[in-house]
Structures are given as C-alpha cells and as structure tokens.
Amino acid sequence: MKLTYQRSGGVAGMVKQAVIDTAGLPADERAAWEGMVAAADVFALPATLPAADPRQRDAFTYTLAIEDGARQHTVEVQGTPAAAPLRALLDRLQAVATRAPQ
Amino acid sequence: MTLREPRRFDAHFNSSGRCAAFCIVPPYLLEHLLSKAKTAEHRRKLLDSINLSSHVRGARTVALARKQTHGTAEISVYDAHHRETTSGATLLWSETKGGAVPTDPDVKNVVEFTRATRDFYKEVCKRNSVDGKGYNLRSYVHFGDGWDNAQWDGTQMDYGDGDGTEFNSFTSSVDVIGHELTHGVTQYTSDLDYQGQSGALNESFSDVMGTLIKQYHLKQNVAKADWLIGQGLFKNGEALRSMKKPGTGYDGDPQPADMSHYKKTNQDSGGVHLNSGIPNRAFYESCHALDPQKNAWETIGPVWYQTFIHLPSNADFQTAANATFTRAKLLGAAQAQAVQAGWAAVKIDVKVTTEAIAVT
C-alpha cells in the first residue's frame, strides 16, 4: 500500500508532504499504517470533505492518495476533519512530512 | 433618532412587506433598540422583555434576531485545551467579565494585539470592528496539539501553540493577528473569492492591513518598519513573508516578487499565500515611492483600504491595480504616481478604465 500525503495552506502557506510505501516496511509498521487506513475507512470517503464553514481562511488543506493493488483513491480534506480516525492518520503522516518545493 | 429602512430583519416580513410573525415590535424598532444595547446580556434581557406570544417565542425568527444583533466589539479569549475544535473550550478572559488579563503569554498577546487591531480599524479606518457594526471578537488559544497555524474560521480566530521545533506560538505577532481579523473584514466587504488571483488579493489585503496595524502600534514610518509578516514565529528563520522583498522571509520562501515569476499551482487554493507576494510588494513600493519618511497608514494605506473593501469578489491583480490607481488619483498626482510606480515595480501597468469603481 502506498500513501501520498500533502498539507498546503495555513497562514504560513508552506507545503508539507510525505510518501509511505508499506511494502518496504517491517511487518509491525506495515500493519500499523494499513490499520489506520482501514480505521479511517479512506476508500469509502468522498473525493472532497468540505470545510465546516466555507468562509474559513488560512485553514490547512490535506490531500491523501492511497494505492492498494488495483484500488486507488484520493481524498481532499478542507480544514480539520471531524472523524477521529482520519484525524489520527493525518497527524501520523504530518509527523513524518517534510517541506515540499513550491 | 433615525430609523433606517429595515434590512437585517426583513426575514420577518412577507413579500407584501407586512409582518408575518413578529408583529408586536416593528423590526426596524427592534433593530434600533438592540443596536443601543451595550452588552450581550442587555440584548438578551431586551429580547426577553419584549412581550412575545408563546408561539413566536419559539420561532426561528427569534433565534435569528439574537444571532444578528449588533455586538460591542468585545474581546474575549477562550482556551481550546489543545483540541482542534472550539467545542469544550472555556472562557479565560473577556472585557465584560473584566479583571486582570491572565499571565499566560498567549492570552496577553491575543488581548493586546486584538485590541491594537480593533483600535486601528476604529481610529484610522473609522470602522467599528470586523463587520462595521461592533462584531464581537472571540479568540481561541491553545488550539490543536502543537498546531502550526492561526486561522479565521468564518466567525472567530483560532491560534495554535506551534510545534516547538519549527514554529513558536502563533499569538506572538501583532500583524498575524491583524491578518486573521482582516479576513473577517474581507468577509463582510468585498468577499474576495479564495482562489487564484482574487484569493491572493484576499491574502494580500490581510498582510497589508496586518503590517499597517503593526506600524501604527509601534509608530513606525515606511523606512523604519520591517515589512515582515510573522516576524519571530519561526524557531530558525526571520518571518513567514517579506512584503518588501517577497521570497526572502525564510530560507526556501517560495513567494514571487513580480508578475514575471507568477506561479500557477493547484496547491493552497491556487497559491493564495504564494502569489500574494506580488500585490504585497506593490503596496510597499507605492508607500516607499510616495515618501519613506511618512507613515504608510496616512499615505497609501487609506487608498488600499478603501479600494479593497469595494473590489468585486472576482477581482484579479489588474483590477486591483487599476482601482487603487483610480482611487489614488482622487487624492492627488503624487499619490497616483506613487501607486503607478508601485505596480510597475511588480510588472503590472495600471490602466485607466471606464469600469465603475465604488468610491465612498
């Protein structure tokens, strides 16, 4: 499973990104990532999770693409996601993300 | 006393203009009475004292009236308890509650800088808070867990503590607080679309007003001011942005400094925090061209403020350039020349057009 994460926006306007390919990871780490993706039910999410208030400004926008065999799905999350499992997955990805060229 | 034509309370009227549900007190009178109320408590008592029949008391119109009553531009600060939501937040301090401001530096900063922002809008722009009608200014500190951000969420401000590694607390910069509150001003005025060039203008207006608020707060003229946004927010790095020299805020700052380096991107709502460097610099260059020894809030600042609050929501950079130039011409040849030079510095030629620009 491959996870491609990107966070843009925020008052700083800095883009952070991370790419995780679980194929090359130890079994426990692979299980942890795949478990979080399953808990967040990413493949069932709509393409866009809109902002709680469309008038929000300087909020972060998260883009998460998951590839798992033949399955592929991309989700854009505007602002803080309401669901805790998705929040946990994004936090975990953000913790390993680095600054992207802009 | 003058009673204006009812607008905000027109929900109570049907198409014939007759009161549909709220017949006891005419809407315009209710609005007037509510506008005279000094505190939220006063407004609540006023609403409660109005002799409403029970079926009306429960009606949605009452909730609407309460929601839309004018504020008193009151500052209040809440603790979000490191959660990325305002539910469960607790009040730390408010002007109504009074008493000493807590010693928590985030609370002290937010109170001082929100006050500086409110003062600037009132004293310099003659504007009563975000909506021009005394909008109450609620801020949430300790928002999120090590959250690297500050935002206007559509109704209030949220400030993160920063991760402690790359960023300090986002309350530490007066211009960032002015920036967030100015998103509220834009929401209630031009409502510039948050995408592409109009989005970059939305961002730039927040930076322009943020830096003017800082300069007014510190009494710095054009030459003395640092023209930085978020100075001190980085653990290692100067600032989030430089309006004077976009692209030099920090090591790796991607902002372009003129139109020939404009960046097309899908990230960040089409690069709203990226290309804002171009109109930011046009503002700095205009102020500098007029007179570096003068105060920007007294020279080109009013030109920008009056223009931006009247821009169409889909304005692009050329529209803003033409409109600021048209506005500056009303003030004099020197101002017009300075604004023309400011936009020329970022490779945008102002064009005098016949399009209507609201002038008030």
# chains A, B, ... in the order shown; residues from 1 in each chain; ligands from 1
>>> closest_atom_pairs(of="chain B", to="chain A", cutoff="7 Å", atoms="only C-alpha atoms", output="JSON lines")
{"residue": "B:Asn149", "atom": "CA", "partner": "A:Gly10", "partner_atom": "CA", "distance": 5.8}
{"residue": "B:Ala150", "atom": "CA", "partner": "A:Val11", "partner_atom": "CA", "distance": 6.2}
{"residue": "B:Gln151", "atom": "CA", "partner": "A:Asp58", "partner_atom": "CA", "distance": 5.0}
{"residue": "B:Trp152", "atom": "CA", "partner": "A:Arg57", "partner_atom": "CA", "distance": 5.2}
{"residue": "B:Asp153", "atom": "CA", "partner": "A:Gln56", "partner_atom": "CA", "distance": 4.1}
{"residue": "B:Gly154", "atom": "CA", "partner": "A:Gln56", "partner_atom": "CA", "distance": 4.5}
{"residue": "B:His183", "atom": "CA", "partner": "A:Arg57", "partner_atom": "CA", "distance": 6.8}
{"residue": "B:Leu240", "atom": "CA", "partner": "A:Ala12", "partner_atom": "CA", "distance": 5.7}
{"residue": "B:Pro254", "atom": "CA", "partner": "A:Gln102", "partner_atom": "CA", "distance": 5.9}
{"residue": "B:Gln267", "atom": "CA", "partner": "A:Ser8", "partner_atom": "CA", "distance": 6.2}
{"residue": "B:Asp268", "atom": "CA", "partner": "A:Gly9", "partner_atom": "CA", "distance": 4.6}
{"residue": "B:His273", "atom": "CA", "partner": "A:Gly13", "partner_atom": "CA", "distance": 5.1}
{"residue": "B:Leu274", "atom": "CA", "partner": "A:Gly13", "partner_atom": "CA", "distance": 6.9}
>>> select_by_dssp(residues="range 196-316 of chain B", states="strand (DSSP E)", output="number ranges by chain")
B: 228-229, 241-242
>>> residues_around(residues="Asp148 in chain B", least_positions_apart="5", cutoff="9 Å", atoms="only C-alpha atoms", output="PyMOL selection string")
(chain A and resi 10-12) or (chain B and resi 159-163+166-170)
>>> write_last_selection(atoms="N, CA and C atoms", output="compact mmCIF listing (two decimals), in the first residue's frame")
# COMPACT_ATOMS: atom_id res chain seq x y z
N GLY A 10 -2.69 27.18 5.34
CA GLY A 10 -2.24 27.69 6.63
C GLY A 10 -1.69 29.09 6.43
N VAL A 11 -1.65 29.88 7.49
CA VAL A 11 -1.21 31.27 7.36
C VAL A 11 0.22 31.33 6.83
N ALA A 12 1.04 30.30 7.10
CA ALA A 12 2.41 30.28 6.62
C ALA A 12 2.50 29.89 5.14
N TYR B 159 -5.81 30.09 17.40
CA TYR B 159 -4.35 30.22 17.42
C TYR B 159 -3.72 28.97 18.00
N GLY B 160 -2.76 28.40 17.26
CA GLY B 160 -2.04 27.23 17.73
C GLY B 160 -0.80 27.61 18.52
N ASP B 161 -0.31 26.65 19.31
CA ASP B 161 0.89 26.88 20.13
C ASP B 161 2.18 26.73 19.33
N GLY B 162 2.07 26.20 18.10
CA GLY B 162 3.28 25.86 17.35
C GLY B 162 3.83 24.54 17.85
N ASP B 163 4.63 23.88 16.98
CA ASP B 163 5.15 22.55 17.35
C ASP B 163 6.32 22.62 18.31
N GLU B 166 9.82 23.75 14.88
CA GLU B 166 9.95 24.66 13.73
C GLU B 166 9.30 26.02 14.02
N PHE B 167 8.16 25.97 14.74
CA PHE B 167 7.41 27.20 15.00
C PHE B 167 7.17 27.45 16.48
N ASN B 168 7.19 28.75 16.83
CA ASN B 168 6.73 29.20 18.15
C ASN B 168 5.22 29.39 18.10
N SER B 169 4.66 29.90 19.18
CA SER B 169 3.23 30.17 19.23
C SER B 169 2.81 31.19 18.17
N PHE B 170 1.66 30.98 17.59
CA PHE B 170 1.15 31.88 16.55
C PHE B 170 0.46 33.11 17.12
>>> select_by_dssp(residues="chain A", states="helix (DSSP H, G or I)", output="MDAnalysis selection string")
chainID A and resid 22:24 27:40 42:44 84:96
>>> residues_around(residues="Ala39 in chain A", least_positions_apart="3", cutoff="9 Å", atoms="only C-alpha atoms", output="ChimeraX atom specification")
/A:34-36,42,85-86,89
>>> residues_around(residues="range 73-77 of chain A", least_positions_apart="6", cutoff="7 Å", atoms="only C-alpha atoms", output="list in words")
Phe43, Pro46, Ala47, Thr48, Leu49, Pro50, Thr61, Tyr62, Thr63, Leu64, Ala65, Ile66 and Glu67 of chain A
>>> write_last_selection(atoms="N, CA and C atoms", output="PDB file, in the first residue's frame")
ATOM      1  N   PHE A  43     -11.066   4.483   1.719  1.00  0.00           N
ATOM      2  CA  PHE A  43     -11.630   4.162   0.397  1.00  0.00           C
ATOM      3  C   PHE A  43     -13.119   4.481   0.297  1.00  0.00           C
ATOM      4  N   PRO A  46     -15.688  10.398   0.471  1.00  0.00           N
ATOM      5  CA  PRO A  46     -15.902  11.131  -0.785  1.00  0.00           C
ATOM      6  C   PRO A  46     -14.591  11.808  -1.228  1.00  0.00           C
ATOM      7  N   ALA A  47     -14.544  12.224  -2.471  1.00  0.00           N
ATOM      8  CA  ALA A  47     -13.329  12.848  -3.014  1.00  0.00           C
ATOM      9  C   ALA A  47     -12.976  14.133  -2.273  1.00  0.00           C
ATOM     10  N   THR A  48     -13.990  14.810  -1.752  1.00  0.00           N
ATOM     11  CA  THR A  48     -13.755  16.052  -1.017  1.00  0.00           C
ATOM     12  C   THR A  48     -14.543  16.040   0.286  1.00  0.00           C
ATOM     13  N   LEU A  49     -13.847  16.332   1.387  1.00  0.00           N
ATOM     14  CA  LEU A  49     -14.530  16.578   2.657  1.00  0.00           C
ATOM     15  C   LEU A  49     -14.495  18.084   2.855  1.00  0.00           C
ATOM     16  N   PRO A  50     -15.613  18.770   2.621  1.00  0.00           N
ATOM     17  CA  PRO A  50     -15.582  20.233   2.617  1.00  0.00           C
ATOM     18  C   PRO A  50     -15.374  20.825   4.010  1.00  0.00           C
ATOM     19  N   THR A  61      -5.302  22.540   4.044  1.00  0.00           N
ATOM     20  CA  THR A  61      -5.968  21.591   3.147  1.00  0.00           C
ATOM     21  C   THR A  61      -5.086  20.356   3.054  1.00  0.00           C
ATOM     22  N   TYR A  62      -5.658  19.185   3.271  1.00  0.00           N
ATOM     23  CA  TYR A  62      -4.913  17.921   3.224  1.00  0.00           C
ATOM     24  C   TYR A  62      -5.341  17.141   1.978  1.00  0.00           C
ATOM     25  N   THR A  63      -4.350  16.586   1.292  1.00  0.00           N
ATOM     26  CA  THR A  63      -4.647  15.688   0.176  1.00  0.00           C
ATOM     27  C   THR A  63      -4.009  14.337   0.484  1.00  0.00           C
ATOM     28  N   LEU A  64      -4.811  13.310   0.415  1.00  0.00           N
ATOM     29  CA  LEU A  64      -4.327  11.966   0.737  1.00  0.00           C
ATOM     30  C   LEU A  64      -4.719  11.015  -0.390  1.00  0.00           C
ATOM     31  N   ALA A  65      -3.692  10.418  -1.023  1.00  0.00           N
ATOM     32  CA  ALA A  65      -3.932   9.431  -2.087  1.00  0.00           C
ATOM     33  C   ALA A  65      -3.463   8.076  -1.591  1.00  0.00           C
ATOM     34  N   ILE A  66      -4.321   7.072  -1.752  1.00  0.00           N
ATOM     35  CA  ILE A  66      -3.985   5.706  -1.327  1.00  0.00           C
ATOM     36  C   ILE A  66      -4.031   4.797  -2.552  1.00  0.00           C
ATOM     37  N   GLU A  67      -2.958   4.028  -2.711  1.00  0.00           N
ATOM     38  CA  GLU A  67      -2.944   2.993  -3.763  1.00  0.00           C
ATOM     39  C   GLU A  67      -2.756   1.648  -3.082  1.00  0.00           C
TER      40      GLU A  67
END
>>> decode(residues="range 26-40 of chain A", atoms="C-alpha atoms", output="short mmCIF file (atom, residue, chain, number, x, y, z; two decimals), in the first residue's frame")
data_model
loop_
_atom_site.label_atom_id
_atom_site.label_comp_id
_atom_site.auth_asym_id
_atom_site.auth_seq_id
_atom_site.Cartn_x
_atom_site.Cartn_y
_atom_site.Cartn_z
CA PRO A 26 8.79 -4.12 8.79
CA ALA A 27 5.60 -6.14 9.36
CA ASP A 28 4.52 -4.28 12.51
CA GLU A 29 4.88 -0.84 10.89
CA ARG A 30 3.10 -2.01 7.77
CA ALA A 31 0.24 -3.34 9.89
CA ALA A 32 0.08 -0.06 11.81
CA TRP A 33 -0.27 2.07 8.65
CA GLU A 34 -2.73 -0.30 6.99
CA GLY A 35 -4.70 -0.50 10.23
CA MET A 36 -5.01 3.31 10.36
CA VAL A 37 -6.12 3.47 6.71
CA ALA A 38 -8.75 0.81 7.42
CA ALA A 39 -9.91 2.55 10.63
CA ALA A 40 -10.32 5.83 8.76
#
